[in-house]
Structure formats: C-alpha cells, structure tokens
Amino acid sequence: MRRHELSEHEWNAVEPLTLGRLSRGRDNRLFVNAVLYRVRTGISWRDLPERFGPWNTVARRFRRWAQAGVWEALFQAVQEPDYAWVLVDSTTVKAHKAAAGSKKARPRPKD
C-alpha cells in the first residue's frame, strides 16, 4: 500500500458506496486512490501519476460523481460521530463571578 492510498479496512467501508450506475470504470479503488492522491498532495489533474490512468478521464469521472452526490455519501459514511460538541456540563453553564467582570472585593480598612 502506498502512502496516499486507502487501506483495506478503509476500502471495505467505502466500496459499497462506489458501486452503481456512475461507476463504469474497471477499478473504483484505483480511481478513489487517484482522487485522494490529488487532494492530499495538492497537485493539478494534469500532474496525476500515470499509474492512475489518463488524467482527463479521472477528472471527468470525479465531476460526474460530484454532481451525483457520491462524494457527499462517501464523506458521511466515513465520518465518525463527534458528540463532544453536544455535551453540556456545569463549566459551560455556570461561570464564576470574576469571569463575568465583577469587581473584586476590597479588603476593609482596620479600625
């Protein structure tokens, strides 16, 4: 497995979403790896390595998948839910008086 490519576990999670009418290509894994390579390295379509096939074919197929919402479905499938933002505890509900900008009590002068 190369550095920018999907592992076997990742591919098994994504593969069912790559099947269907829009996946006319012979190897969906190679195509997804080509897109990931491009995204992770920041190169242009024209600079894709030859092992991924003709750059224009990959770019057109990427556009078809984007228009059909395939990428959105893939992103939703691989995201792990992060429930930390919905947890509320007492530190987010209450604040100390000093946090609200109240003035500190001055010590009383001794008589």
# chains A, B, ... in the order shown; residues from 1 in each chain; ligands from 1
>>> residues_around(residues="Thr18 of chain A", least_positions_apart="4", cutoff="12 Å", atoms="only C-alpha atoms", output="number ranges by chain")
A: 11-14, 22-32, 61-62, 65, 68-75, 77
>>> write_last_selection(atoms="N, CA, C and O atoms", output="compact mmCIF listing (two decimals), in the first residue's frame")
# COMPACT_ATOMS: atom_id res chain seq x y z
N TRP A 11 -11.07 0.81 2.53
CA TRP A 11 -11.71 0.46 1.27
C TRP A 11 -12.98 -0.36 1.51
O TRP A 11 -13.99 -0.17 0.86
N ASN A 12 -12.95 -1.28 2.47
CA ASN A 12 -14.13 -2.09 2.77
C ASN A 12 -15.30 -1.23 3.25
O ASN A 12 -16.46 -1.56 2.98
N ALA A 13 -15.02 -0.14 3.93
CA ALA A 13 -16.08 0.76 4.39
C ALA A 13 -16.65 1.59 3.24
O ALA A 13 -17.83 1.93 3.23
N VAL A 14 -15.83 1.89 2.26
CA VAL A 14 -16.23 2.79 1.17
C VAL A 14 -16.76 2.04 -0.05
O VAL A 14 -17.63 2.55 -0.76
N LEU A 22 -22.95 5.08 -11.88
CA LEU A 22 -21.87 6.00 -12.23
C LEU A 22 -20.48 5.37 -12.21
O LEU A 22 -19.52 6.00 -12.62
N SER A 23 -20.38 4.17 -11.73
CA SER A 23 -19.05 3.56 -11.64
C SER A 23 -18.81 2.62 -12.81
O SER A 23 -18.74 1.43 -12.66
N ARG A 24 -18.69 3.18 -13.98
CA ARG A 24 -18.45 2.41 -15.20
C ARG A 24 -17.01 1.94 -15.31
O ARG A 24 -16.68 1.08 -16.08
N GLY A 25 -16.13 2.56 -14.55
CA GLY A 25 -14.70 2.22 -14.64
C GLY A 25 -14.42 0.83 -14.13
O GLY A 25 -15.19 0.24 -13.39
N ARG A 26 -13.30 0.30 -14.56
CA ARG A 26 -12.93 -1.06 -14.19
C ARG A 26 -12.50 -1.18 -12.74
O ARG A 26 -12.74 -2.18 -12.10
N ASP A 27 -11.86 -0.16 -12.21
CA ASP A 27 -11.32 -0.27 -10.86
C ASP A 27 -11.66 0.98 -10.06
O ASP A 27 -10.99 2.01 -10.16
N ASN A 28 -12.70 0.89 -9.26
CA ASN A 28 -13.11 2.03 -8.45
C ASN A 28 -12.08 2.37 -7.39
O ASN A 28 -11.90 3.54 -7.05
N ARG A 29 -11.40 1.37 -6.86
CA ARG A 29 -10.39 1.64 -5.83
C ARG A 29 -9.26 2.47 -6.39
O ARG A 29 -8.79 3.41 -5.75
N LEU A 30 -8.82 2.15 -7.60
CA LEU A 30 -7.76 2.93 -8.24
C LEU A 30 -8.21 4.37 -8.45
O LEU A 30 -7.46 5.32 -8.22
N PHE A 31 -9.46 4.54 -8.87
CA PHE A 31 -9.99 5.88 -9.09
C PHE A 31 -10.06 6.67 -7.78
O PHE A 31 -9.63 7.83 -7.72
N VAL A 32 -10.59 6.07 -6.73
CA VAL A 32 -10.67 6.76 -5.43
C VAL A 32 -9.28 7.09 -4.93
O VAL A 32 -9.04 8.19 -4.41
N ARG A 61 -14.57 11.77 -14.45
CA ARG A 61 -15.29 10.85 -13.56
C ARG A 61 -15.49 11.49 -12.18
O ARG A 61 -16.55 11.34 -11.57
N PHE A 62 -14.50 12.21 -11.70
CA PHE A 62 -14.64 12.93 -10.43
C PHE A 62 -15.82 13.90 -10.49
O PHE A 62 -16.63 13.97 -9.57
N TRP A 65 -19.20 12.06 -10.36
CA TRP A 65 -19.50 11.63 -9.00
C TRP A 65 -19.91 12.80 -8.13
O TRP A 65 -20.79 12.67 -7.28
N ALA A 68 -23.47 13.82 -8.88
CA ALA A 68 -24.43 12.81 -8.44
C ALA A 68 -24.49 12.68 -6.91
O ALA A 68 -25.32 11.94 -6.39
N GLY A 69 -23.62 13.37 -6.20
CA GLY A 69 -23.63 13.31 -4.74
C GLY A 69 -22.92 12.10 -4.14
O GLY A 69 -23.08 11.81 -2.96
N VAL A 70 -22.14 11.41 -4.96
CA VAL A 70 -21.43 10.23 -4.47
C VAL A 70 -20.40 10.62 -3.41
O VAL A 70 -20.27 9.95 -2.38
N TRP A 71 -19.68 11.70 -3.64
CA TRP A 71 -18.65 12.11 -2.68
C TRP A 71 -19.28 12.48 -1.34
O TRP A 71 -18.75 12.16 -0.28
N GLU A 72 -20.41 13.15 -1.37
CA GLU A 72 -21.10 13.52 -0.12
C GLU A 72 -21.47 12.26 0.66
O GLU A 72 -21.29 12.19 1.87
N ALA A 73 -21.99 11.26 -0.04
CA ALA A 73 -22.34 9.99 0.61
C ALA A 73 -21.11 9.31 1.19
O ALA A 73 -21.16 8.76 2.30
N LEU A 74 -20.00 9.36 0.47
CA LEU A 74 -18.76 8.76 0.97
C LEU A 74 -18.28 9.47 2.24
O LEU A 74 -17.88 8.83 3.21
N PHE A 75 -18.33 10.79 2.23
CA PHE A 75 -17.88 11.55 3.40
C PHE A 75 -18.75 11.23 4.61
O PHE A 75 -18.26 11.08 5.72
N ALA A 77 -20.35 8.49 5.17
CA ALA A 77 -20.12 7.11 5.59
C ALA A 77 -18.84 6.95 6.40
O ALA A 77 -18.79 6.12 7.31
>>> closest_residue(among="A:Arg64, A:His4, A:His9, A:Arg51", to="Val39 of chain A", atoms="only C-alpha atoms")
A:His4
>>> residues_around(residues="Pro54 of chain A", least_positions_apart="6", cutoff="12 Å", atoms="only C-alpha atoms", output="JSON, numbers by chain")
{"A": [31, 34, 45, 46, 47, 48, 60, 61]}
>>> atom_distance(atom1="atom CA of Val78 of chain A", atom2="atom CA of Ile43 of chain A")
23.6 Å
